[in-house]
file final_9.txt (compact mmCIF, C-alpha atoms)
# COMPACT_ATOMS: atom_id res chain seq x y z
CA MET A 1 3.35 -21.25 19.43
CA ASN A 2 -0.20 -21.46 18.05
CA HIS A 3 -1.16 -18.46 15.90
CA SER A 4 -4.53 -19.83 14.81
CA ASN A 5 -7.28 -17.20 15.00
CA ASP A 6 -4.88 -14.29 15.41
CA ILE A 7 -6.63 -11.00 14.71
CA PHE A 8 -6.19 -8.67 11.71
CA ASP A 9 -7.41 -5.07 11.82
CA VAL A 10 -9.37 -4.69 8.56
CA SER A 11 -11.13 -1.42 9.40
CA ARG A 12 -9.52 0.33 6.44
CA LEU A 13 -10.24 -2.51 3.98
CA ILE A 14 -13.91 -2.76 4.88
CA SER A 15 -14.36 1.02 4.89
CA ARG A 16 -12.98 1.27 1.36
CA ASN A 17 -15.07 -1.72 0.25
CA ILE A 18 -18.44 -0.46 1.50
CA ASN A 19 -17.71 3.01 0.05
CA ASN A 20 -16.72 1.52 -3.33
CA ARG A 21 -13.17 2.90 -3.19
CA ARG A 22 -10.45 1.11 -5.15
CA MET A 23 -7.79 -0.51 -2.99
CA THR A 24 -4.49 1.38 -2.77
CA GLY A 25 -0.96 0.08 -2.29
CA VAL A 26 -1.44 0.06 1.49
CA ASP A 27 -4.58 -2.05 1.09
CA ASN A 28 -2.99 -4.44 -1.42
CA VAL A 29 -0.13 -5.12 0.96
CA LEU A 30 -2.59 -5.95 3.75
CA ILE A 31 -4.58 -8.17 1.36
CA GLY A 32 -1.34 -9.93 0.41
CA PHE A 33 -0.47 -10.65 4.05
CA ILE A 34 -3.95 -12.01 4.85
CA ASN A 35 -4.15 -14.01 1.62
CA SER A 36 -0.85 -15.73 2.38
CA TYR A 37 -1.80 -16.46 6.00
CA GLU A 38 -2.16 -20.24 6.17
CA LEU A 39 -3.88 -20.42 9.58
CA LYS A 40 -7.34 -19.41 10.72
CA TYR A 41 -7.78 -15.73 11.53
CA SER A 42 -10.31 -13.27 12.90
CA PHE A 43 -11.17 -9.84 11.55
CA TYR A 44 -11.29 -6.75 13.77
CA LEU A 45 -13.46 -3.83 12.66
CA ARG A 46 -13.43 -0.48 14.41
CA TYR A 47 -15.92 2.33 13.90
CA LYS A 48 -15.11 5.46 15.92
CA PHE A 49 -14.98 4.16 19.52
CA LEU A 50 -16.85 0.93 18.84
CA PHE A 51 -15.32 -2.31 17.61
CA ILE A 52 -16.26 -5.90 16.86
CA ILE A 53 -14.28 -9.11 16.24
CA PHE A 54 -15.58 -11.55 13.64
CA PRO A 55 -14.86 -15.30 13.87
CA TYR A 56 -13.01 -17.14 11.11
CA GLY A 57 -16.02 -18.16 8.98
CA ILE A 58 -17.44 -14.65 8.70
CA SER A 59 -13.94 -13.19 8.25
CA VAL A 60 -13.35 -15.50 5.27
CA LEU A 61 -16.72 -14.47 3.78
CA PHE A 62 -15.83 -10.77 4.02
CA PHE A 63 -12.31 -11.32 2.70
CA LYS A 64 -13.66 -13.20 -0.33
CA LYS A 65 -15.92 -10.24 -1.16
CA ILE A 66 -13.02 -7.80 -0.74
CA LYS A 67 -10.76 -9.79 -3.08
CA GLU A 68 -13.53 -10.16 -5.66
CA ASN A 69 -14.36 -6.45 -5.39
CA LYS A 70 -17.92 -7.23 -4.30
CA THR A 71 -19.46 -4.64 -2.00
CA ILE A 72 -20.25 -5.64 1.58
CA LEU A 73 -23.66 -4.17 2.40
CA LYS A 74 -23.90 -2.01 5.53
CA THR A 75 -27.01 -3.90 6.70
CA GLU A 76 -25.17 -7.18 6.22
CA LEU A 77 -22.22 -5.87 8.21
CA PHE A 78 -24.49 -4.64 11.01
CA LEU A 79 -26.37 -7.94 11.34
CA TYR A 80 -23.17 -9.98 11.41
CA ALA A 81 -21.75 -7.59 14.03
CA LEU A 82 -24.78 -8.12 16.28
CA ALA A 83 -24.49 -11.89 15.90
CA CYS A 84 -20.79 -11.76 16.85
CA ILE A 85 -21.16 -9.98 20.21
CA PRO A 86 -20.80 -13.29 22.15
CA PHE A 87 -17.61 -14.04 20.20
CA LEU A 88 -16.35 -10.54 21.05
CA LEU A 89 -16.86 -11.20 24.76
CA PHE A 90 -14.96 -14.47 24.45
CA SER A 91 -12.11 -12.67 22.65
CA LEU A 92 -11.90 -10.00 25.33
CA LEU A 93 -11.48 -12.65 28.02
CA SER A 94 -9.02 -14.94 26.23
CA ARG A 95 -5.96 -12.67 25.61
CA SER A 96 -4.33 -15.57 23.77
CA ARG A 97 -4.05 -14.13 20.27
CA ASN A 98 -1.81 -11.69 18.46
CA PHE A 99 -3.25 -8.51 16.97
CA TYR A 100 -1.96 -7.31 13.59
CA ASN A 101 -2.37 -3.72 12.44
CA LEU A 102 -0.82 -3.69 8.97
CA GLY A 103 -2.46 -0.57 7.51
CA HIS A 104 -1.93 2.39 9.91
CA SER A 105 -5.66 2.30 10.71
CA GLY A 106 -6.56 3.98 14.02
CA LEU A 107 -2.96 4.23 15.17
CA ASP A 108 -3.23 7.97 15.78
CA ARG A 109 -5.64 7.29 18.68
CA SER A 110 -3.94 5.97 21.80
CA LEU A 111 -7.28 4.85 23.23
CA SER A 112 -7.72 2.48 20.31
CA LEU A 113 -4.39 0.79 21.03
CA LYS A 114 -4.99 0.76 24.78
CA THR A 115 -8.25 -1.07 24.15
CA THR A 116 -6.54 -3.48 21.76
CA SER A 117 -3.90 -4.30 24.37
CA LEU A 118 -6.63 -5.48 26.76
CA PHE A 119 -7.46 -8.55 24.63
CA SER A 120 -4.19 -9.13 22.73
CA LYS A 121 -1.17 -11.18 23.68
CA LYS A 122 1.05 -9.12 21.37
CA ILE A 123 0.45 -6.15 19.07
CA ILE A 124 2.36 -6.27 15.78
CA VAL A 125 2.35 -3.17 13.58
CA LEU A 126 3.49 -2.62 9.99
CA ILE A 127 4.89 0.84 9.16
CA HIS A 128 4.48 1.70 5.47
CA ASP A 129 6.25 5.07 5.40
CA LEU A 130 7.01 8.32 7.21
CA ILE A 131 6.09 10.53 4.26
CA PRO A 132 3.66 12.82 6.18
CA ILE A 133 6.43 13.62 8.70
CA ARG A 134 9.29 13.97 6.21
CA MET A 135 7.35 15.70 3.43
CA PRO A 136 4.29 17.44 4.97
CA ASN A 137 4.03 19.73 1.94
CA PHE A 138 2.65 16.76 -0.01
CA CYS A 139 -0.04 15.94 2.56
CA ILE A 140 -3.26 17.52 3.76
CA LYS A 141 -2.99 19.99 6.62
CA GLY A 142 -2.45 18.31 9.98
CA GLU A 143 -1.56 14.87 8.59
CA ASP A 144 2.06 15.27 9.74
CA LEU A 145 0.90 15.71 13.34
CA ARG A 146 -1.42 12.71 13.05
CA HIS A 147 1.44 10.61 11.73
CA VAL A 148 3.66 11.68 14.62
CA LYS A 149 0.92 10.41 16.95
CA ARG A 150 0.85 7.13 15.03
CA MET A 151 4.59 6.63 15.34
CA LYS A 152 4.66 7.50 19.06
CA ASN A 153 1.73 5.18 19.77
CA ILE A 154 3.49 2.41 17.88
CA ILE A 155 6.55 2.80 20.10
CA ASN A 156 4.43 2.99 23.27
CA PHE A 157 2.01 0.12 22.62
CA SER A 158 3.34 -2.31 20.00
CA ASP A 159 5.40 -5.37 20.84
CA LYS A 160 6.91 -5.77 17.37
CA ILE A 161 7.38 -3.43 14.43
CA ILE A 162 7.61 -4.44 10.77
CA PHE A 163 8.92 -2.04 8.12
CA LEU A 164 7.84 -2.34 4.50
CA SER A 165 11.28 -1.35 3.22
CA GLU A 166 14.82 -0.58 4.33
CA ILE A 167 14.33 3.09 3.56
CA THR A 168 11.26 3.24 5.84
CA LYS A 169 13.26 1.59 8.61
CA LYS A 170 16.05 4.12 8.12
CA HIS A 171 13.61 7.04 8.26
CA PHE A 172 11.92 5.67 11.38
CA TYR A 173 15.22 5.16 13.21
CA GLU A 174 16.35 8.69 12.32
CA TRP A 175 13.04 10.20 13.43
CA ALA A 176 12.94 8.30 16.74
CA ASP A 177 16.54 9.29 17.50
CA LYS A 178 15.78 12.95 16.78
CA GLU A 179 12.70 12.77 19.05
CA GLY A 180 14.68 11.08 21.82
CA LEU A 181 12.44 8.00 21.70
CA SER A 182 13.76 4.53 22.45
CA PHE A 183 12.57 1.08 21.41
CA ASP A 184 14.00 -2.43 21.17
CA ILE A 185 15.60 -2.70 17.72
CA ASN A 186 15.63 -6.49 18.12
CA MET A 187 11.84 -6.38 17.93
CA THR A 188 11.88 -4.75 14.47
CA LYS A 189 12.25 -6.29 11.03
CA VAL A 190 12.04 -5.30 7.36
CA ILE A 191 9.66 -7.52 5.39
CA ASN A 192 9.27 -6.55 1.75
CA PRO A 193 5.98 -7.38 0.02
CA ALA A 194 5.91 -9.57 -3.07
CA PRO A 195 4.43 -9.08 -6.54
CA SER A 196 0.87 -10.35 -6.90
CA LEU A 197 -0.03 -9.79 -10.55
CA LYS A 198 0.93 -12.14 -13.37
CA LEU A 199 0.96 -10.19 -16.61
CA ILE A 200 0.16 -11.52 -20.07
CA SER A 201 3.13 -12.59 -22.18
CA ASN A 202 3.75 -11.75 -25.86
CA VAL A 203 1.46 -8.73 -25.90
CA GLU A 204 2.15 -5.79 -28.21
CA LYS A 205 3.63 -2.88 -26.24
CA LYS A 206 1.65 0.21 -27.25
CA HIS A 207 1.73 2.81 -24.50
CA PHE A 208 3.06 3.86 -21.09
CA CYS A 209 1.12 3.89 -17.86
CA MET A 210 1.10 5.42 -14.38
CA ILE A 211 -0.63 3.60 -11.54
CA GLY A 212 -1.44 5.05 -8.14
CA THR A 213 -3.71 7.33 -6.16
CA ILE A 214 -3.98 10.88 -7.46
CA GLU A 215 -2.19 13.03 -4.89
CA PRO A 216 0.55 15.70 -4.97
CA ARG A 217 3.55 13.51 -4.10
CA LYS A 218 2.90 11.20 -7.06
CA GLY A 219 4.17 13.85 -9.48
CA TYR A 220 1.23 13.82 -11.88
CA LYS A 221 1.36 17.60 -12.23
CA ASP A 222 4.84 17.44 -13.81
CA ILE A 223 3.65 14.89 -16.35
CA ILE A 224 0.51 16.86 -17.25
CA LYS A 225 2.56 20.02 -17.70
CA LEU A 226 4.96 18.17 -20.01
CA PHE A 227 2.10 16.86 -22.15
CA ASN A 228 0.41 20.21 -22.53
CA GLU A 229 3.64 22.04 -23.42
CA GLU A 230 4.21 19.73 -26.40
CA LYS A 231 2.28 20.20 -29.66
CA GLU A 232 1.61 16.49 -29.79
CA PRO A 233 1.52 14.02 -26.90
CA PRO A 234 5.17 13.01 -26.41
CA PHE A 235 4.05 9.42 -25.82
CA PRO A 236 0.73 7.62 -25.24
CA LEU A 237 0.07 7.57 -21.49
CA ILE A 238 -2.70 5.95 -19.43
CA ILE A 239 -3.20 7.11 -15.83
CA ILE A 240 -4.97 4.66 -13.53
CA GLY A 241 -5.91 5.95 -10.12
CA GLN A 242 -8.60 7.37 -7.91
CA PRO A 243 -8.24 10.52 -5.80
CA GLY A 244 -6.13 10.03 -2.69
CA TRP A 245 -7.49 10.78 0.77
CA LYS A 246 -9.17 14.20 0.67
CA CYS A 247 -7.57 14.88 -2.73
CA ASP A 248 -10.75 15.20 -4.82
CA VAL A 249 -10.19 18.94 -5.36
CA GLU A 250 -6.53 18.32 -6.26
CA THR A 251 -7.57 15.64 -8.77
CA ALA A 252 -10.12 17.97 -10.38
CA LYS A 253 -7.42 20.66 -10.74
CA LEU A 254 -5.03 18.19 -12.35
CA LYS A 255 -7.61 17.03 -14.87
CA LYS A 256 -8.39 20.66 -15.67
CA LEU A 257 -4.69 21.21 -16.41
CA ASP A 258 -4.98 18.51 -19.07
CA SER A 259 -7.03 20.99 -21.08
CA GLN A 260 -6.27 19.40 -24.44
CA LYS A 261 -7.20 15.89 -23.27
CA LYS A 262 -3.85 14.43 -24.24
CA LEU A 263 -3.88 11.92 -21.40
CA ILE A 264 -6.08 8.87 -20.93
CA TRP A 265 -7.59 8.87 -17.41
CA LEU A 266 -9.09 5.76 -15.83
CA ASP A 267 -10.59 6.40 -12.42
CA ASP A 268 -11.06 2.71 -11.91
CA CYS A 269 -10.66 -0.59 -13.69
CA SER A 270 -10.95 -4.27 -12.88
CA ASP A 271 -7.90 -6.38 -12.05
CA LYS A 272 -8.30 -8.03 -15.46
CA GLU A 273 -8.20 -4.64 -17.20
CA LEU A 274 -5.27 -3.53 -15.05
CA ILE A 275 -3.27 -6.62 -16.05
CA GLN A 276 -4.11 -6.00 -19.72
CA ILE A 277 -2.95 -2.36 -19.54
CA MET A 278 0.24 -3.20 -17.65
CA SER A 279 1.03 -6.08 -20.01
CA SER A 280 0.72 -3.85 -23.08
CA SER A 281 2.78 -1.01 -21.56
CA LYS A 282 6.24 -0.23 -22.83
CA ALA A 283 7.04 0.97 -19.32
CA ILE A 284 5.42 1.91 -16.05
CA ILE A 285 6.30 5.44 -14.95
CA GLN A 286 6.62 6.27 -11.26
CA ASN A 287 7.16 10.01 -11.00
CA SER A 288 6.69 10.06 -7.22
CA TYR A 289 8.76 12.22 -4.94
CA ALA A 290 8.38 9.66 -2.14
CA GLU A 291 7.16 6.08 -1.70
CA GLY A 292 7.03 3.67 1.20
CA PHE A 293 7.97 0.84 -1.13
CA GLY A 294 6.70 1.30 -4.68
CA LEU A 295 4.84 -1.94 -5.37
CA PRO A 296 4.00 -1.13 -9.04
CA ILE A 297 7.75 -1.09 -9.79
CA MET A 298 8.11 -4.60 -8.41
CA GLU A 299 5.00 -5.74 -10.30
CA ALA A 300 6.48 -4.34 -13.51
CA ILE A 301 10.01 -5.68 -13.24
CA ASN A 302 8.70 -9.09 -12.23
CA ASN A 303 6.84 -9.27 -15.54
CA ASP A 304 9.42 -8.13 -18.08
CA THR A 305 8.13 -4.57 -18.14
CA ILE A 306 10.46 -1.63 -17.69
CA ALA A 307 9.90 0.61 -14.67
CA LEU A 308 10.94 4.25 -15.09
CA SER A 309 11.21 5.89 -11.68
CA ARG A 310 12.20 9.32 -10.43
CA PHE A 311 15.42 9.08 -8.43
CA SER A 312 14.89 10.24 -4.87
CA ASN A 313 16.36 9.62 -1.45
CA GLU A 314 12.75 9.07 -0.36
CA ILE A 315 12.25 6.04 -2.61
CA GLU A 316 13.50 2.49 -2.18
CA ILE A 317 15.99 1.77 -4.97
CA PHE A 318 15.59 -1.56 -6.75
CA ASN A 319 18.94 -2.63 -8.18
CA HIS A 320 17.27 -4.59 -10.92
CA HIS A 321 17.83 -4.81 -14.65
CA ASN A 322 14.31 -3.63 -15.47
CA ALA A 323 14.31 -0.49 -13.30
CA ILE A 324 15.69 2.77 -14.74
CA TYR A 325 15.96 5.94 -12.66
CA TYR A 326 15.80 9.53 -13.92
CA ASN A 327 16.44 12.84 -12.15
CA ASP A 328 13.85 15.10 -13.76
CA ILE A 329 11.13 15.23 -16.39
CA SER A 330 13.49 16.32 -19.18
CA GLU A 331 15.61 13.23 -18.59
CA LEU A 332 12.50 11.04 -18.59
CA LEU A 333 11.43 12.55 -21.91
CA PHE A 334 14.90 11.96 -23.36
CA ILE A 335 14.84 8.30 -22.27
CA ILE A 336 11.44 7.73 -23.85
CA LYS A 337 11.97 9.66 -27.08
CA ASN A 338 15.31 7.95 -27.69
CA ASN A 339 13.99 4.57 -26.64
CA ALA A 340 16.92 4.43 -24.23
CA PHE A 341 15.69 1.42 -22.34
CA GLU A 342 15.46 -2.26 -23.04
CA ILE A 343 14.70 -5.48 -21.20
CA ASP A 344 17.52 -7.83 -20.37
CA LYS A 345 15.75 -11.19 -20.43
CA ASN A 346 18.97 -13.04 -19.69
CA LYS A 347 18.88 -11.83 -16.09
CA ASN A 348 16.96 -13.74 -13.44
CA GLN A 349 13.52 -12.53 -12.45
CA ILE A 350 12.43 -11.85 -8.87
CA THR A 351 11.83 -15.22 -7.25
CA ARG A 352 10.19 -13.84 -4.11
CA ASP A 353 6.48 -14.55 -3.64
CA TRP A 354 3.93 -14.21 -0.85
CA SER A 355 4.78 -17.63 0.61
CA ASP A 356 8.25 -16.20 1.36
CA VAL A 357 6.63 -13.14 2.93
CA TYR A 358 4.41 -15.36 5.07
CA LEU A 359 7.34 -17.41 6.39
CA GLU A 360 9.34 -14.28 7.26
CA PHE A 361 6.27 -12.82 8.95
CA LEU A 362 5.48 -15.94 10.97
CA ASN A 363 9.10 -16.51 12.02
CA PHE A 364 9.34 -12.92 13.25
CA VAL A 365 6.01 -12.99 15.06
CA LYS A 366 6.76 -16.20 16.96
CA ILE A 367 10.06 -14.92 18.45
call {"tool": "encode", "arguments": {"input": "final_9.txt", "output": "C-alpha cells"}}
result
Amino acid sequence: MNHSNDIFDVSRLISRNINNRRMTGVDNVLIGFINSYELKYSFYLRYKFLFIIFPYGISVLFFKKIKENKTILKTELFLYALACIPFLLFSLLSRSRNFYNLGHSGLDRSLSLKTTSLFSKKIIVLIHDLIPIRMPNFCIKGEDLRHVKRMKNIINFSDKIIFLSEITKKHFYEWADKEGLSFDINMTKVINPAPSLKLISNVEKKHFCMIGTIEPRKGYKDIIKLFNEEKEPPFPLIIIGQPGWKCDVETAKLKKLDSQKKLIWLDDCSDKELIQIMSSSKAIIQNSYAEGFGLPIMEAINNDTIALSRFSNEIEIFNHHNAIYYNDISELLFIIKNNAFEIDKNKNQITRDWSDVYLEFLNFVKI
C-alpha cells in the first residue's frame, strides 16, 4: 500500500507558530511523528470552516520553519494557500490518501470530520488523553463537553484509533463502555512516543526543574506554596512553561503567590537552553495530577536524569530505574532534602527511538 503524500492535520502547529506560542507536549508528539515519516506528505490547514491542503514541497518548507522555531508570516501563508487551490481540488477528487489527525485539532466539530471523510481513504486519529472528561475541575468551563464531542466524533468517523499510552487506552475503553458506545477494538493500538532530546553529559547538577504548560493539573500551586512556607528555598527550582490554553489569569495568580521570588520562571527558552537546563538538573519534577503520557519523564530517564513524579492512577507509570514516585509534597520534600535518589547507570537505557515509532505507526496504518 502506497502511503506517499498522506495528509497530516497541522492546524494546531501552524496556529501556535504564527502566534509565537511555544510547542507543548501534544505538539512535540505530532512533530515527532511527522519528522520520522519517511515518505512524502501533505499538510492540511483548517481555519474555522475553510481549509487548504499544501503539496509536499510547501509542507516541507513550513515544517522546517516550525522545527527551527521560525515564524510563518500570515501573508506568506495566505499567498501559498491561494496558489494551492488547484492542488486542493485534485486532493478532493482523488480520495487515495490517508488523513492523520494526531493533535485533537477540530475533532469537536463533526462537520470538520465529515468534510475530511470526503477526500480521505482512511481517517487515523491519535488520542492523547481523556483528562477533560475524567478531571473537569482542572480544565476551563465547558472543555469536558467539548472533549466528549471529540471522543464521540472519533468513534463515528475515524477508521483507526491510536492511543498515546496504555492508561489512555484504558480510560477510553472505560468511558466508551459507560456511554454504551461501540467500536472495533482491532482497529486500535497503543503507540508510545520516543524521547527526542539528547542531553549533555558530564554537566554539574545544580538545580531541579519543572517543564510543562502552566495550568491547574500540573500541580504548580503545591510547589509554590511549599517554597513560600519555607524560610529559605528548599531547593533551587527552575520552571519552564508558558500559560496553558486560556490559563493566562491562572498563571498570573500563581506567579503572584510566589511573592518572595524564590522560584526561577522561564516563560520560554530555546531548545539549546532547554537541553542545558535539563542536563544540569539533579531531577525533573512532574507534580501533575494527570498526564496523557508524560514525555518529560521519558526525556529525563533516557538521559541519566532522575524523574520525580507524583503517583496517580491518572499517570502512566514508567517502571524504570530513573523514575521515582511520591504521594504528596511532604514526601517529595523528604526525598530531595535527604538526597534519597540516585542513578543506577548499570541498568540499560531506553532503546526506543522515533524510527521504532514510525514502523509501528506504518504497520498499523497499512492493515
call {"tool": "atom_distance", "arguments": {"input": "final_9.txt", "atom1": "CA of Glu76 (chain A)", "atom2": "CA of Arg21 (chain A)"}}
result
18.3 Å
call {"tool": "residues_around", "arguments": {"input": "final_9.txt", "residues": "region 118-127 of chain A", "least_positions_apart": "6", "cutoff": "8 Å", "atoms": "only C-alpha atoms", "output": "PyMOL selection string"}}
result
chain A and resi 91-104+154+157-164+168+365
call {"tool": "closest_residue", "arguments": {"input": "final_9.txt", "among": "A:Leu254, A:Ile223, A:Trp265, A:Ile238", "to": "Leu333 (chain A)", "atoms": "only C-alpha atoms"}}
result
A:Ile223
call {"tool": "closest_residue", "arguments": {"input": "final_9.txt", "among": "A:Asn69, A:Ser182, A:Ser36, A:Ser165", "to": "Asp129 (chain A)", "atoms": "all atoms listed in the file"}}
result
A:Ser165
call {"tool": "atom_distance", "arguments": {"input": "final_9.txt", "atom1": "CA of Leu107 (chain A)", "atom2": "CA of Tyr80 (chain A)"}}
result
25.0 Å
call {"tool": "atom_distance", "arguments": {"input": "final_9.txt", "atom1": "CA of Asn327 (chain A)", "atom2": "CA of Ser279 (chain A)"}}
result
25.6 Å
call {"tool": "residues_near_point", "arguments": {"input": "final_9.txt", "point": "(-10.4, 8.1, -3.3)", "cutoff": "12 Å", "atoms": "only C-alpha atoms", "output": "number ranges by chain"}}
result
A: 15-17, 19-24, 212-215, 241-251, 267-268
call {"tool": "axis_aligned_box", "arguments": {"input": "final_9.txt", "around": "region 167-175 of chain A", "padding_each_side": "6 Å", "output": "JSON"}}
result
{"center_x": 13.8, "center_y": 5.9, "center_z": 8.5, "size_x": 17.1, "size_y": 20.6, "size_z": 21.9}
call {"tool": "closest_residue", "arguments": {"input": "final_9.txt", "among": "A:Pro132, A:Gly294, A:Asn153, A:Leu332", "to": "Leu226 (chain A)", "atoms": "all atoms listed in the file"}}
result
A:Leu332
call {"tool": "residues_around", "arguments": {"input": "final_9.txt", "residues": "region 38-45 of chain A", "least_positions_apart": "3", "cutoff": "8 Å", "atoms": "only C-alpha atoms", "output": "list in words"}}
result
His3, Ser4, Asn5, Asp6, Ile7, Phe8, Asp9, Val10, Ser11, Ile14, Asn35, Phe51, Ile52, Ile53, Phe54, Pro55, Tyr56 and Ser59 of chain A
call {"tool": "closest_residue", "arguments": {"input": "final_9.txt", "among": "A:Ala283, A:Ile239, A:Leu79, A:Leu50", "to": "Asn339 (chain A)", "atoms": "only C-alpha atoms"}}
result
A:Ala283
call {"tool": "closest_residue", "arguments": {"input": "final_9.txt", "among": "A:Ser105, A:Ser201, A:Asn228, A:Ser196", "to": "Lys48 (chain A)", "atoms": "all atoms listed in the file"}}
result
A:Ser105
call {"tool": "closest_residue", "arguments": {"input": "final_9.txt", "among": "A:Asn313, A:Ala323, A:Leu89, A:Ile58", "to": "Ile297 (chain A)", "atoms": "all atoms listed in the file"}}
result
A:Ala323
call {"tool": "residues_near_point", "arguments": {"input": "final_9.txt", "point": "(-3.0, 18.8, -15.1)", "cutoff": "7 Å", "atoms": "only C-alpha atoms", "output": "ChimeraX atom specification"}}
result
/A:221,224-225,253-258
call {"tool": "write_last_selection", "arguments": {"input": "final_9.txt", "atoms": "C-alpha atoms", "output": "PDB file, keeping the file's coordinate frame"}}
result
ATOM      1  CA  LYS A 221       1.360  17.600 -12.230  1.00  0.00           C
ATOM      2  CA  ILE A 224       0.510  16.860 -17.250  1.00  0.00           C
ATOM      3  CA  LYS A 225       2.560  20.020 -17.700  1.00  0.00           C
ATOM      4  CA  LYS A 253      -7.420  20.660 -10.740  1.00  0.00           C
ATOM      5  CA  LEU A 254      -5.030  18.190 -12.350  1.00  0.00           C
ATOM      6  CA  LYS A 255      -7.610  17.030 -14.870  1.00  0.00           C
ATOM      7  CA  LYS A 256      -8.390  20.660 -15.670  1.00  0.00           C
ATOM      8  CA  LEU A 257      -4.690  21.210 -16.410  1.00  0.00           C
ATOM      9  CA  ASP A 258      -4.980  18.510 -19.070  1.00  0.00           C
TER      10      ASP A 258
END
